[in-house]
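Next comes structure16.pdb, a file with PDB, N, CA and C atoms.
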```
ATOM      1  N   MET A   3     -52.465  29.894  12.745  1.00  0.00           N
ATOM      2  CA  MET A   3     -51.316  29.067  13.005  1.00  0.00           C
ATOM      3  C   MET A   3     -51.583  27.673  12.460  1.00  0.00           C
ATOM      4  N   LYS A   4     -50.569  27.090  11.833  1.00  0.00           N
ATOM      5  CA  LYS A   4     -50.647  25.728  11.302  1.00  0.00           C
ATOM      6  C   LYS A   4     -49.714  24.828  12.093  1.00  0.00           C
ATOM      7  N   VAL A   5     -50.245  23.671  12.506  1.00  0.00           N
ATOM      8  CA  VAL A   5     -49.486  22.729  13.333  1.00  0.00           C
ATOM      9  C   VAL A   5     -49.527  21.344  12.700  1.00  0.00           C
ATOM     10  N   ALA A   6     -48.421  20.624  12.808  1.00  0.00           N
ATOM     11  CA  ALA A   6     -48.366  19.221  12.401  1.00  0.00           C
ATOM     12  C   ALA A   6     -48.326  18.366  13.660  1.00  0.00           C
ATOM     13  N   ILE A   7     -49.014  17.246  13.603  1.00  0.00           N
ATOM     14  CA  ILE A   7     -49.028  16.295  14.704  1.00  0.00           C
ATOM     15  C   ILE A   7     -48.155  15.108  14.302  1.00  0.00           C
ATOM     16  N   ILE A   8     -47.137  14.848  15.079  1.00  0.00           N
ATOM     17  CA  ILE A   8     -46.268  13.699  14.830  1.00  0.00           C
ATOM     18  C   ILE A   8     -46.594  12.661  15.896  1.00  0.00           C
ATOM     19  N   GLY A   9     -47.372  11.683  15.486  1.00  0.00           N
ATOM     20  CA  GLY A   9     -47.885  10.662  16.401  1.00  0.00           C
ATOM     21  C   GLY A   9     -49.350  10.934  16.689  1.00  0.00           C
ATOM     22  N   ALA A  10     -50.228  10.115  16.136  1.00  0.00           N
ATOM     23  CA  ALA A  10     -51.669  10.329  16.283  1.00  0.00           C
ATOM     24  C   ALA A  10     -52.312   9.293  17.194  1.00  0.00           C
ATOM     25  N   GLY A  11     -51.595   8.931  18.240  1.00  0.00           N
ATOM     26  CA  GLY A  11     -52.159   8.057  19.264  1.00  0.00           C
ATOM     27  C   GLY A  11     -52.984   8.891  20.233  1.00  0.00           C
ATOM     28  N   GLN A  12     -53.187   8.375  21.409  1.00  0.00           N
ATOM     29  CA  GLN A  12     -54.025   9.052  22.404  1.00  0.00           C
ATOM     30  C   GLN A  12     -53.498  10.448  22.729  1.00  0.00           C
ATOM     31  N   ARG A  13     -52.208  10.567  22.991  1.00  0.00           N
ATOM     32  CA  ARG A  13     -51.624  11.856  23.354  1.00  0.00           C
ATOM     33  C   ARG A  13     -51.718  12.857  22.200  1.00  0.00           C
ATOM     34  N   GLY A  14     -51.336  12.445  21.017  1.00  0.00           N
ATOM     35  CA  GLY A  14     -51.366  13.334  19.866  1.00  0.00           C
ATOM     36  C   GLY A  14     -52.774  13.801  19.529  1.00  0.00           C
ATOM     37  N   MET A  15     -53.733  12.892  19.597  1.00  0.00           N
ATOM     38  CA  MET A  15     -55.117  13.258  19.291  1.00  0.00           C
ATOM     39  C   MET A  15     -55.691  14.193  20.352  1.00  0.00           C
ATOM     40  N   LEU A  16     -55.305  13.999  21.600  1.00  0.00           N
ATOM     41  CA  LEU A  16     -55.756  14.890  22.666  1.00  0.00           C
ATOM     42  C   LEU A  16     -55.221  16.304  22.445  1.00  0.00           C
ATOM     43  N   TYR A  17     -53.922  16.428  22.195  1.00  0.00           N
ATOM     44  CA  TYR A  17     -53.332  17.745  21.943  1.00  0.00           C
ATOM     45  C   TYR A  17     -53.938  18.383  20.698  1.00  0.00           C
ATOM     46  N   ALA A  18     -54.079  17.604  19.635  1.00  0.00           N
ATOM     47  CA  ALA A  18     -54.631  18.131  18.391  1.00  0.00           C
ATOM     48  C   ALA A  18     -56.075  18.592  18.577  1.00  0.00           C
ATOM     49  N   SER A  19     -56.870  17.825  19.299  1.00  0.00           N
ATOM     50  CA  SER A  19     -58.271  18.197  19.543  1.00  0.00           C
ATOM     51  C   SER A  19     -58.358  19.512  20.300  1.00  0.00           C
ATOM     52  N   TYR A  20     -57.528  19.669  21.307  1.00  0.00           N
ATOM     53  CA  TYR A  20     -57.536  20.904  22.090  1.00  0.00           C
ATOM     54  C   TYR A  20     -57.184  22.097  21.202  1.00  0.00           C
ATOM     55  N   MET A  21     -56.121  21.966  20.424  1.00  0.00           N
ATOM     56  CA  MET A  21     -55.712  23.071  19.543  1.00  0.00           C
ATOM     57  C   MET A  21     -56.764  23.362  18.480  1.00  0.00           C
ATOM     58  N   TYR A  22     -57.301  22.306  17.890  1.00  0.00           N
ATOM     59  CA  TYR A  22     -58.318  22.454  16.842  1.00  0.00           C
ATOM     60  C   TYR A  22     -59.541  23.193  17.380  1.00  0.00           C
ATOM     61  N   ASP A  23     -59.953  22.847  18.589  1.00  0.00           N
ATOM     62  CA  ASP A  23     -61.100  23.509  19.220  1.00  0.00           C
ATOM     63  C   ASP A  23     -60.824  24.989  19.491  1.00  0.00           C
ATOM     64  N   LYS A  24     -59.556  25.358  19.599  1.00  0.00           N
ATOM     65  CA  LYS A  24     -59.157  26.748  19.837  1.00  0.00           C
ATOM     66  C   LYS A  24     -58.876  27.499  18.539  1.00  0.00           C
ATOM     67  N   GLY A  25     -59.115  26.853  17.386  1.00  0.00           N
ATOM     68  CA  GLY A  25     -58.960  27.521  16.099  1.00  0.00           C
ATOM     69  C   GLY A  25     -57.637  27.305  15.392  1.00  0.00           C
ATOM     70  N   VAL A  26     -56.794  26.423  15.908  1.00  0.00           N
ATOM     71  CA  VAL A  26     -55.524  26.115  15.259  1.00  0.00           C
ATOM     72  C   VAL A  26     -55.780  25.146  14.106  1.00  0.00           C
ATOM     73  N   GLU A  27     -55.147  25.380  12.974  1.00  0.00           N
ATOM     74  CA  GLU A  27     -55.271  24.471  11.837  1.00  0.00           C
ATOM     75  C   GLU A  27     -54.294  23.314  12.006  1.00  0.00           C
ATOM     76  N   ILE A  28     -54.806  22.106  11.989  1.00  0.00           N
ATOM     77  CA  ILE A  28     -53.951  20.921  12.010  1.00  0.00           C
ATOM     78  C   ILE A  28     -53.626  20.632  10.541  1.00  0.00           C
ATOM     79  N   ALA A  29     -52.423  21.020  10.142  1.00  0.00           N
ATOM     80  CA  ALA A  29     -52.057  21.036   8.724  1.00  0.00           C
ATOM     81  C   ALA A  29     -51.505  19.715   8.212  1.00  0.00           C
ATOM     82  N   ALA A  30     -50.988  18.874   9.118  1.00  0.00           N
ATOM     83  CA  ALA A  30     -50.388  17.613   8.686  1.00  0.00           C
ATOM     84  C   ALA A  30     -50.370  16.633   9.847  1.00  0.00           C
ATOM     85  N   VAL A  31     -50.266  15.376   9.491  1.00  0.00           N
ATOM     86  CA  VAL A  31     -50.146  14.314  10.500  1.00  0.00           C
ATOM     87  C   VAL A  31     -49.108  13.311  10.018  1.00  0.00           C
ATOM     88  N   VAL A  32     -48.287  12.853  10.953  1.00  0.00           N
ATOM     89  CA  VAL A  32     -47.326  11.786  10.690  1.00  0.00           C
ATOM     90  C   VAL A  32     -47.661  10.658  11.654  1.00  0.00           C
ATOM     91  N   GLU A  33     -48.057   9.534  11.105  1.00  0.00           N
ATOM     92  CA  GLU A  33     -48.485   8.395  11.926  1.00  0.00           C
ATOM     93  C   GLU A  33     -48.331   7.121  11.100  1.00  0.00           C
ATOM     94  N   PRO A  34     -47.567   6.139  11.594  1.00  0.00           N
ATOM     95  CA  PRO A  34     -47.360   4.922  10.816  1.00  0.00           C
ATOM     96  C   PRO A  34     -48.593   4.021  10.696  1.00  0.00           C
ATOM     97  N   LEU A  35     -49.516   4.097  11.629  1.00  0.00           N
ATOM     98  CA  LEU A  35     -50.698   3.229  11.575  1.00  0.00           C
ATOM     99  C   LEU A  35     -51.813   3.881  10.747  1.00  0.00           C
ATOM    100  N   ASP A  36     -52.233   3.183   9.709  1.00  0.00           N
ATOM    101  CA  ASP A  36     -53.246   3.712   8.790  1.00  0.00           C
ATOM    102  C   ASP A  36     -54.515   4.167   9.509  1.00  0.00           C
ATOM    103  N   GLU A  37     -55.014   3.349  10.411  1.00  0.00           N
ATOM    104  CA  GLU A  37     -56.273   3.655  11.087  1.00  0.00           C
ATOM    105  C   GLU A  37     -56.179   4.975  11.864  1.00  0.00           C
ATOM    106  N   ARG A  38     -55.110   5.167  12.585  1.00  0.00           N
ATOM    107  CA  ARG A  38     -54.934   6.405  13.363  1.00  0.00           C
ATOM    108  C   ARG A  38     -54.734   7.610  12.447  1.00  0.00           C
ATOM    109  N   ARG A  39     -53.919   7.418  11.417  1.00  0.00           N
ATOM    110  CA  ARG A  39     -53.665   8.504  10.461  1.00  0.00           C
ATOM    111  C   ARG A  39     -54.958   8.921   9.775  1.00  0.00           C
ATOM    112  N   ASN A  40     -55.752   7.961   9.344  1.00  0.00           N
ATOM    113  CA  ASN A  40     -57.014   8.265   8.669  1.00  0.00           C
ATOM    114  C   ASN A  40     -58.017   8.941   9.606  1.00  0.00           C
ATOM    115  N   LEU A  41     -58.047   8.523  10.867  1.00  0.00           N
ATOM    116  CA  LEU A  41     -58.921   9.150  11.846  1.00  0.00           C
ATOM    117  C   LEU A  41     -58.544  10.619  12.038  1.00  0.00           C
ATOM    118  N   ALA A  42     -57.253  10.898  12.154  1.00  0.00           N
ATOM    119  CA  ALA A  42     -56.797  12.283  12.315  1.00  0.00           C
ATOM    120  C   ALA A  42     -57.190  13.121  11.101  1.00  0.00           C
ATOM    121  N   CYS A  43     -57.013  12.573   9.920  1.00  0.00           N
ATOM    122  CA  CYS A  43     -57.384  13.298   8.701  1.00  0.00           C
ATOM    123  C   CYS A  43     -58.871  13.623   8.690  1.00  0.00           C
ATOM    124  N   SER A  44     -59.672  12.658   9.037  1.00  0.00           N
ATOM    125  CA  SER A  44     -61.117  12.832   9.047  1.00  0.00           C
ATOM    126  C   SER A  44     -61.549  13.848  10.102  1.00  0.00           C
ATOM    127  N   LYS A  45     -61.017  13.733  11.293  1.00  0.00           N
ATOM    128  CA  LYS A  45     -61.432  14.590  12.403  1.00  0.00           C
ATOM    129  C   LYS A  45     -61.000  16.043  12.223  1.00  0.00           C
ATOM    130  N   PHE A  46     -59.815  16.266  11.642  1.00  0.00           N
ATOM    131  CA  PHE A  46     -59.266  17.613  11.563  1.00  0.00           C
ATOM    132  C   PHE A  46     -59.225  18.182  10.148  1.00  0.00           C
ATOM    133  N   GLY A  47     -59.770  17.459   9.184  1.00  0.00           N
ATOM    134  CA  GLY A  47     -59.816  17.959   7.811  1.00  0.00           C
ATOM    135  C   GLY A  47     -58.447  18.063   7.164  1.00  0.00           C
ATOM    136  N   ILE A  48     -57.578  17.131   7.476  1.00  0.00           N
ATOM    137  CA  ILE A  48     -56.226  17.128   6.912  1.00  0.00           C
ATOM    138  C   ILE A  48     -56.276  16.512   5.522  1.00  0.00           C
ATOM    139  N   ALA A  49     -55.689  17.203   4.551  1.00  0.00           N
ATOM    140  CA  ALA A  49     -55.666  16.710   3.175  1.00  0.00           C
ATOM    141  C   ALA A  49     -54.817  15.445   3.070  1.00  0.00           C
ATOM    142  N   ALA A  50     -55.183  14.570   2.150  1.00  0.00           N
ATOM    143  CA  ALA A  50     -54.469  13.300   1.968  1.00  0.00           C
ATOM    144  C   ALA A  50     -52.981  13.519   1.691  1.00  0.00           C
ATOM    145  N   GLU A  51     -52.644  14.573   0.964  1.00  0.00           N
ATOM    146  CA  GLU A  51     -51.235  14.829   0.648  1.00  0.00           C
ATOM    147  C   GLU A  51     -50.441  15.367   1.849  1.00  0.00           C
ATOM    148  N   ALA A  52     -51.132  15.631   2.956  1.00  0.00           N
ATOM    149  CA  ALA A  52     -50.478  16.106   4.178  1.00  0.00           C
ATOM    150  C   ALA A  52     -50.525  15.044   5.279  1.00  0.00           C
ATOM    151  N   ALA A  53     -50.762  13.801   4.893  1.00  0.00           N
ATOM    152  CA  ALA A  53     -50.797  12.669   5.827  1.00  0.00           C
ATOM    153  C   ALA A  53     -49.653  11.733   5.479  1.00  0.00           C
ATOM    154  N   PHE A  54     -48.786  11.471   6.439  1.00  0.00           N
ATOM    155  CA  PHE A  54     -47.562  10.728   6.184  1.00  0.00           C
ATOM    156  C   PHE A  54     -47.429   9.540   7.128  1.00  0.00           C
ATOM    157  N   SER A  55     -46.921   8.450   6.605  1.00  0.00           N
ATOM    158  CA  SER A  55     -46.658   7.290   7.448  1.00  0.00           C
ATOM    159  C   SER A  55     -45.220   7.307   7.965  1.00  0.00           C
ATOM    160  N   LYS A  56     -44.356   8.101   7.322  1.00  0.00           N
ATOM    161  CA  LYS A  56     -42.945   8.174   7.709  1.00  0.00           C
ATOM    162  C   LYS A  56     -42.542   9.620   7.944  1.00  0.00           C
ATOM    163  N   LEU A  57     -41.822   9.851   9.019  1.00  0.00           N
ATOM    164  CA  LEU A  57     -41.344  11.189   9.349  1.00  0.00           C
ATOM    165  C   LEU A  57     -40.469  11.757   8.230  1.00  0.00           C
ATOM    166  N   GLU A  58     -39.659  10.914   7.613  1.00  0.00           N
ATOM    167  CA  GLU A  58     -38.759  11.372   6.549  1.00  0.00           C
ATOM    168  C   GLU A  58     -39.523  11.975   5.374  1.00  0.00           C
ATOM    169  N   ASP A  59     -40.680  11.424   5.051  1.00  0.00           N
ATOM    170  CA  ASP A  59     -41.488  11.971   3.953  1.00  0.00           C
ATOM    171  C   ASP A  59     -42.035  13.352   4.311  1.00  0.00           C
ATOM    172  N   PHE A  60     -42.411  13.524   5.563  1.00  0.00           N
ATOM    173  CA  PHE A  60     -42.901  14.828   6.036  1.00  0.00           C
ATOM    174  C   PHE A  60     -41.789  15.866   6.022  1.00  0.00           C
ATOM    175  N   THR A  61     -40.639  15.532   6.594  1.00  0.00           N
ATOM    176  CA  THR A  61     -39.550  16.512   6.686  1.00  0.00           C
ATOM    177  C   THR A  61     -38.938  16.839   5.330  1.00  0.00           C
ATOM    178  N   ALA A  62     -39.059  15.954   4.354  1.00  0.00           N
ATOM    179  CA  ALA A  62     -38.526  16.204   3.016  1.00  0.00           C
ATOM    180  C   ALA A  62     -39.213  17.382   2.331  1.00  0.00           C
ATOM    181  N   LEU A  63     -40.419  17.730   2.781  1.00  0.00           N
ATOM    182  CA  LEU A  63     -41.155  18.837   2.155  1.00  0.00           C
ATOM    183  C   LEU A  63     -40.652  20.203   2.586  1.00  0.00           C
ATOM    184  N   GLY A  64     -39.869  20.258   3.623  1.00  0.00           N
ATOM    185  CA  GLY A  64     -39.466  21.556   4.158  1.00  0.00           C
ATOM    186  C   GLY A  64     -40.564  22.094   5.062  1.00  0.00           C
ATOM    187  N   LYS A  65     -40.562  23.394   5.262  1.00  0.00           N
ATOM    188  CA  LYS A  65     -41.507  24.010   6.195  1.00  0.00           C
ATOM    189  C   LYS A  65     -42.910  24.090   5.575  1.00  0.00           C
ATOM    190  N   ILE A  66     -43.856  23.357   6.173  1.00  0.00           N
ATOM    191  CA  ILE A  66     -45.250  23.440   5.722  1.00  0.00           C
ATOM    192  C   ILE A  66     -46.181  23.842   6.869  1.00  0.00           C
ATOM    193  N   CYS A  67     -45.593  24.079   8.048  1.00  0.00           N
ATOM    194  CA  CYS A  67     -46.407  24.476   9.195  1.00  0.00           C
ATOM    195  C   CYS A  67     -45.569  25.376  10.110  1.00  0.00           C
ATOM    196  N   ASP A  68     -46.239  25.963  11.088  1.00  0.00           N
ATOM    197  CA  ASP A  68     -45.564  26.865  12.012  1.00  0.00           C
ATOM    198  C   ASP A  68     -44.961  26.135  13.211  1.00  0.00           C
ATOM    199  N   ALA A  69     -45.527  24.994  13.564  1.00  0.00           N
ATOM    200  CA  ALA A  69     -45.054  24.250  14.734  1.00  0.00           C
ATOM    201  C   ALA A  69     -45.396  22.778  14.561  1.00  0.00           C
ATOM    202  N   CYS A  70     -44.692  21.949  15.317  1.00  0.00           N
ATOM    203  CA  CYS A  70     -44.961  20.509  15.344  1.00  0.00           C
ATOM    204  C   CYS A  70     -45.162  20.079  16.785  1.00  0.00           C
ATOM    205  N   VAL A  71     -46.116  19.196  16.984  1.00  0.00           N
ATOM    206  CA  VAL A  71     -46.302  18.549  18.276  1.00  0.00           C
ATOM    207  C   VAL A  71     -45.742  17.146  18.137  1.00  0.00           C
ATOM    208  N   VAL A  72     -44.711  16.848  18.911  1.00  0.00           N
ATOM    209  CA  VAL A  72     -44.125  15.507  18.893  1.00  0.00           C
ATOM    210  C   VAL A  72     -44.836  14.698  19.969  1.00  0.00           C
ATOM    211  N   ALA A  73     -45.723  13.832  19.509  1.00  0.00           N
ATOM    212  CA  ALA A  73     -46.546  13.041  20.426  1.00  0.00           C
ATOM    213  C   ALA A  73     -46.321  11.551  20.211  1.00  0.00           C
ATOM    214  N   THR A  74     -45.100  11.217  19.855  1.00  0.00           N
ATOM    215  CA  THR A  74     -44.739   9.812  19.718  1.00  0.00           C
ATOM    216  C   THR A  74     -44.466   9.250  21.106  1.00  0.00           C
ATOM    217  N   MET A  75     -44.171   7.981  21.174  1.00  0.00           N
ATOM    218  CA  MET A  75     -43.758   7.384  22.444  1.00  0.00           C
ATOM    219  C   MET A  75     -42.518   8.136  22.923  1.00  0.00           C
ATOM    220  N   ASP A  76     -42.394   8.320  24.220  1.00  0.00           N
ATOM    221  CA  ASP A  76     -41.283   9.089  24.777  1.00  0.00           C
ATOM    222  C   ASP A  76     -39.929   8.596  24.260  1.00  0.00           C
ATOM    223  N   ARG A  77     -39.765   7.304  24.143  1.00  0.00           N
ATOM    224  CA  ARG A  77     -38.474   6.753  23.707  1.00  0.00           C
ATOM    225  C   ARG A  77     -38.140   7.125  22.260  1.00  0.00           C
ATOM    226  N   ASP A  78     -39.126   7.576  21.493  1.00  0.00           N
ATOM    227  CA  ASP A  78     -38.919   7.918  20.087  1.00  0.00           C
ATOM    228  C   ASP A  78     -38.782   9.418  19.839  1.00  0.00           C
ATOM    229  N   HIS A  79     -38.877  10.244  20.852  1.00  0.00           N
ATOM    230  CA  HIS A  79     -38.847  11.700  20.672  1.00  0.00           C
ATOM    231  C   HIS A  79     -37.553  12.192  20.035  1.00  0.00           C
ATOM    232  N   TYR A  80     -36.443  11.691  20.489  1.00  0.00           N
ATOM    233  CA  TYR A  80     -35.173  12.199  20.007  1.00  0.00           C
ATOM    234  C   TYR A  80     -34.987  11.963  18.512  1.00  0.00           C
ATOM    235  N   ALA A  81     -35.304  10.779  18.075  1.00  0.00           N
ATOM    236  CA  ALA A  81     -35.125  10.447  16.643  1.00  0.00           C
ATOM    237  C   ALA A  81     -36.000  11.341  15.787  1.00  0.00           C
TER     238      ALA A  81
END
```
What is this structure when it is put down as structure tokens?
Amino acid sequence: MKVAIIGAGQRGMLYASYMYDKGVEIAAVVEPLDERRNLACSKFGIAAEAAFSKLEDFTALGKICDACVVATMDRDHYA
């Protein structure tokens, strides 16, 4: 199974770590902050071309994973 993490803050990294430890491939990350995005890439082996600072750039690719974890701030989930 391939999963994308949308939001690589504390919540997103916790969920991603749990899934990764269970054998789930973290296929992409969407995170506006460079430091967090780079940490996720390093920790989960995410390719540079699968790391996005904007959600629109990620969604423009179409389906590249089986599921997404929306781990942004609660107020940003709907958008």
Give me the result of the PyMOL selection byres ((chain A and resi 49-61) around 7) on this file, residue by residue, as a compact mmCIF listing (two decimals) with N, CA and C atoms, in the frame of the given file.
```txt
# COMPACT_ATOMS: atom_id res chain seq x y z
N ALA A 29 -52.42 21.02 10.14
CA ALA A 29 -52.06 21.04 8.72
C ALA A 29 -51.50 19.72 8.21
N ALA A 30 -50.99 18.87 9.12
CA ALA A 30 -50.39 17.61 8.69
C ALA A 30 -50.37 16.63 9.85
N VAL A 31 -50.27 15.38 9.49
CA VAL A 31 -50.15 14.31 10.50
C VAL A 31 -49.11 13.31 10.02
N VAL A 32 -48.29 12.85 10.95
CA VAL A 32 -47.33 11.79 10.69
C VAL A 32 -47.66 10.66 11.65
N GLU A 33 -48.06 9.53 11.10
CA GLU A 33 -48.48 8.40 11.93
C GLU A 33 -48.33 7.12 11.10
N PRO A 34 -47.57 6.14 11.59
CA PRO A 34 -47.36 4.92 10.82
C PRO A 34 -48.59 4.02 10.70
N LEU A 35 -49.52 4.10 11.63
CA LEU A 35 -50.70 3.23 11.58
C LEU A 35 -51.81 3.88 10.75
N ARG A 39 -53.92 7.42 11.42
CA ARG A 39 -53.66 8.50 10.46
C ARG A 39 -54.96 8.92 9.78
N CYS A 43 -57.01 12.57 9.92
CA CYS A 43 -57.38 13.30 8.70
C CYS A 43 -58.87 13.62 8.69
N PHE A 46 -59.82 16.27 11.64
CA PHE A 46 -59.27 17.61 11.56
C PHE A 46 -59.22 18.18 10.15
N GLY A 47 -59.77 17.46 9.18
CA GLY A 47 -59.82 17.96 7.81
C GLY A 47 -58.45 18.06 7.16
N ILE A 48 -57.58 17.13 7.48
CA ILE A 48 -56.23 17.13 6.91
C ILE A 48 -56.28 16.51 5.52
N ALA A 62 -39.06 15.95 4.35
CA ALA A 62 -38.53 16.20 3.02
C ALA A 62 -39.21 17.38 2.33
N LEU A 63 -40.42 17.73 2.78
CA LEU A 63 -41.16 18.84 2.15
C LEU A 63 -40.65 20.20 2.59
N GLY A 64 -39.87 20.26 3.62
CA GLY A 64 -39.47 21.56 4.16
C GLY A 64 -40.56 22.09 5.06
N LYS A 65 -40.56 23.39 5.26
CA LYS A 65 -41.51 24.01 6.20
C LYS A 65 -42.91 24.09 5.58
```
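One finds atom CA of Ser19 of chain A at 14.8 Å from atom CA of Asn40 of chain A.
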task = Could you pull out the residues in chain A that DSSP calls strand (DSSP E or B) from the backbone, as a ChimeraX atom specification?
result = /A:4-8,27-32,53-54,69-72
ask   = Can you tell me how far atom N of Cys70 of chain A sits from atom CA of Val5 of chain A, in Å to one decimal?
value =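 Computed distance, atom N of Cys70 of chain A to atom CA of Val5 of chain A, equals 5.2 Å.
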task = Name the residues that the PyMOL selection byres (((chain A and resi 27 and name CA) around 8) and name CA) picks from the file above, as a list of chain:residue names, using the file's chain letters and numbers.
result = A:Met3, A:Lys4, A:Val5, A:Met21, A:Tyr22, A:Gly25, A:Val26, A:Ile28, A:Ala29, A:Phe46
task = Write down as a list in words the residues of chain A whose backbone DSSP state falls under alpha helix (DSSP H).
result = Gln12, Arg13, Gly14, Met15, Leu16, Tyr17, Ala18, Ser19, Tyr20, Met21, Tyr22, Asp23, Asp36, Glu37, Arg38, Arg39, Asn40, Leu41, Ala42, Cys43, Ser44, Lys45, Phe46, Leu57, Glu58, Asp59, Phe60 and Thr61 of chain A
Write out the residues from the selection above, keeping N, CA and C atoms, as an mmCIF file, keeping the file's coordinate frame.
```
data_model
loop_
_atom_site.group_PDB
_atom_site.id
_atom_site.type_symbol
_atom_site.label_atom_id
_atom_site.label_comp_id
_atom_site.auth_asym_id
_atom_site.auth_seq_id
_atom_site.Cartn_x
_atom_site.Cartn_y
_atom_site.Cartn_z
ATOM 1 N N GLN A 12 -53.187 8.375 21.409
ATOM 2 C CA GLN A 12 -54.025 9.052 22.404
ATOM 3 C C GLN A 12 -53.498 10.448 22.729
ATOM 4 N N ARG A 13 -52.208 10.567 22.991
ATOM 5 C CA ARG A 13 -51.624 11.856 23.354
ATOM 6 C C ARG A 13 -51.718 12.857 22.200
ATOM 7 N N GLY A 14 -51.336 12.445 21.017
ATOM 8 C CA GLY A 14 -51.366 13.334 19.866
ATOM 9 C C GLY A 14 -52.774 13.801 19.529
ATOM 10 N N MET A 15 -53.733 12.892 19.597
ATOM 11 C CA MET A 15 -55.117 13.258 19.291
ATOM 12 C C MET A 15 -55.691 14.193 20.352
ATOM 13 N N LEU A 16 -55.305 13.999 21.600
ATOM 14 C CA LEU A 16 -55.756 14.890 22.666
ATOM 15 C C LEU A 16 -55.221 16.304 22.445
ATOM 16 N N TYR A 17 -53.922 16.428 22.195
ATOM 17 C CA TYR A 17 -53.332 17.745 21.943
ATOM 18 C C TYR A 17 -53.938 18.383 20.698
ATOM 19 N N ALA A 18 -54.079 17.604 19.635
ATOM 20 C CA ALA A 18 -54.631 18.131 18.391
ATOM 21 C C ALA A 18 -56.075 18.592 18.577
ATOM 22 N N SER A 19 -56.870 17.825 19.299
ATOM 23 C CA SER A 19 -58.271 18.197 19.543
ATOM 24 C C SER A 19 -58.358 19.512 20.300
ATOM 25 N N TYR A 20 -57.528 19.669 21.307
ATOM 26 C CA TYR A 20 -57.536 20.904 22.090
ATOM 27 C C TYR A 20 -57.184 22.097 21.202
ATOM 28 N N MET A 21 -56.121 21.966 20.424
ATOM 29 C CA MET A 21 -55.712 23.071 19.543
ATOM 30 C C MET A 21 -56.764 23.362 18.480
ATOM 31 N N TYR A 22 -57.301 22.306 17.890
ATOM 32 C CA TYR A 22 -58.318 22.454 16.842
ATOM 33 C C TYR A 22 -59.541 23.193 17.380
ATOM 34 N N ASP A 23 -59.953 22.847 18.589
ATOM 35 C CA ASP A 23 -61.100 23.509 19.220
ATOM 36 C C ASP A 23 -60.824 24.989 19.491
ATOM 37 N N ASP A 36 -52.233 3.183 9.709
ATOM 38 C CA ASP A 36 -53.246 3.712 8.790
ATOM 39 C C ASP A 36 -54.515 4.167 9.509
ATOM 40 N N GLU A 37 -55.014 3.349 10.411
ATOM 41 C CA GLU A 37 -56.273 3.655 11.087
ATOM 42 C C GLU A 37 -56.179 4.975 11.864
ATOM 43 N N ARG A 38 -55.110 5.167 12.585
ATOM 44 C CA ARG A 38 -54.934 6.405 13.363
ATOM 45 C C ARG A 38 -54.734 7.610 12.447
ATOM 46 N N ARG A 39 -53.919 7.418 11.417
ATOM 47 C CA ARG A 39 -53.665 8.504 10.461
ATOM 48 C C ARG A 39 -54.958 8.921 9.775
ATOM 49 N N ASN A 40 -55.752 7.961 9.344
ATOM 50 C CA ASN A 40 -57.014 8.265 8.669
ATOM 51 C C ASN A 40 -58.017 8.941 9.606
ATOM 52 N N LEU A 41 -58.047 8.523 10.867
ATOM 53 C CA LEU A 41 -58.921 9.150 11.846
ATOM 54 C C LEU A 41 -58.544 10.619 12.038
ATOM 55 N N ALA A 42 -57.253 10.898 12.154
ATOM 56 C CA ALA A 42 -56.797 12.283 12.315
ATOM 57 C C ALA A 42 -57.190 13.121 11.101
ATOM 58 N N CYS A 43 -57.013 12.573 9.920
ATOM 59 C CA CYS A 43 -57.384 13.298 8.701
ATOM 60 C C CYS A 43 -58.871 13.623 8.690
ATOM 61 N N SER A 44 -59.672 12.658 9.037
ATOM 62 C CA SER A 44 -61.117 12.832 9.047
ATOM 63 C C SER A 44 -61.549 13.848 10.102
ATOM 64 N N LYS A 45 -61.017 13.733 11.293
ATOM 65 C CA LYS A 45 -61.432 14.590 12.403
ATOM 66 C C LYS A 45 -61.000 16.043 12.223
ATOM 67 N N PHE A 46 -59.815 16.266 11.642
ATOM 68 C CA PHE A 46 -59.266 17.613 11.563
ATOM 69 C C PHE A 46 -59.225 18.182 10.148
ATOM 70 N N LEU A 57 -41.822 9.851 9.019
ATOM 71 C CA LEU A 57 -41.344 11.189 9.349
ATOM 72 C C LEU A 57 -40.469 11.757 8.230
ATOM 73 N N GLU A 58 -39.659 10.914 7.613
ATOM 74 C CA GLU A 58 -38.759 11.372 6.549
ATOM 75 C C GLU A 58 -39.523 11.975 5.374
ATOM 76 N N ASP A 59 -40.680 11.424 5.051
ATOM 77 C CA ASP A 59 -41.488 11.971 3.953
ATOM 78 C C ASP A 59 -42.035 13.352 4.311
ATOM 79 N N PHE A 60 -42.411 13.524 5.563
ATOM 80 C CA PHE A 60 -42.901 14.828 6.036
ATOM 81 C C PHE A 60 -41.789 15.866 6.022
ATOM 82 N N THR A 61 -40.639 15.532 6.594
ATOM 83 C CA THR A 61 -39.550 16.512 6.686
ATOM 84 C C THR A 61 -38.938 16.839 5.330
#
```
key: Polymer residues at most 12 Å from Leu16 of chain A, only C-alpha atoms, same-chain spacing of 3 or more positions, as a ChimeraX atom specification   = /A:7,9-13,19-23,42,45-46,71,73
With all atoms of segment 55-62 of chain A from the file as input, state the centre and edge lengths in Å to one decimal of the axis-aligned box that has 4 Å extra on each side, as lines of an AutoDock Vina configuration file.
```
center_x = -42.7
center_y = 12.3
center_z = 5.8
size_x = 16.4
size_y = 18.1
size_z = 15.0
```
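The spacing separating atom CA of Asp68 of chain A from atom N of Glu37 of chain A amounts to 25.4 Å.
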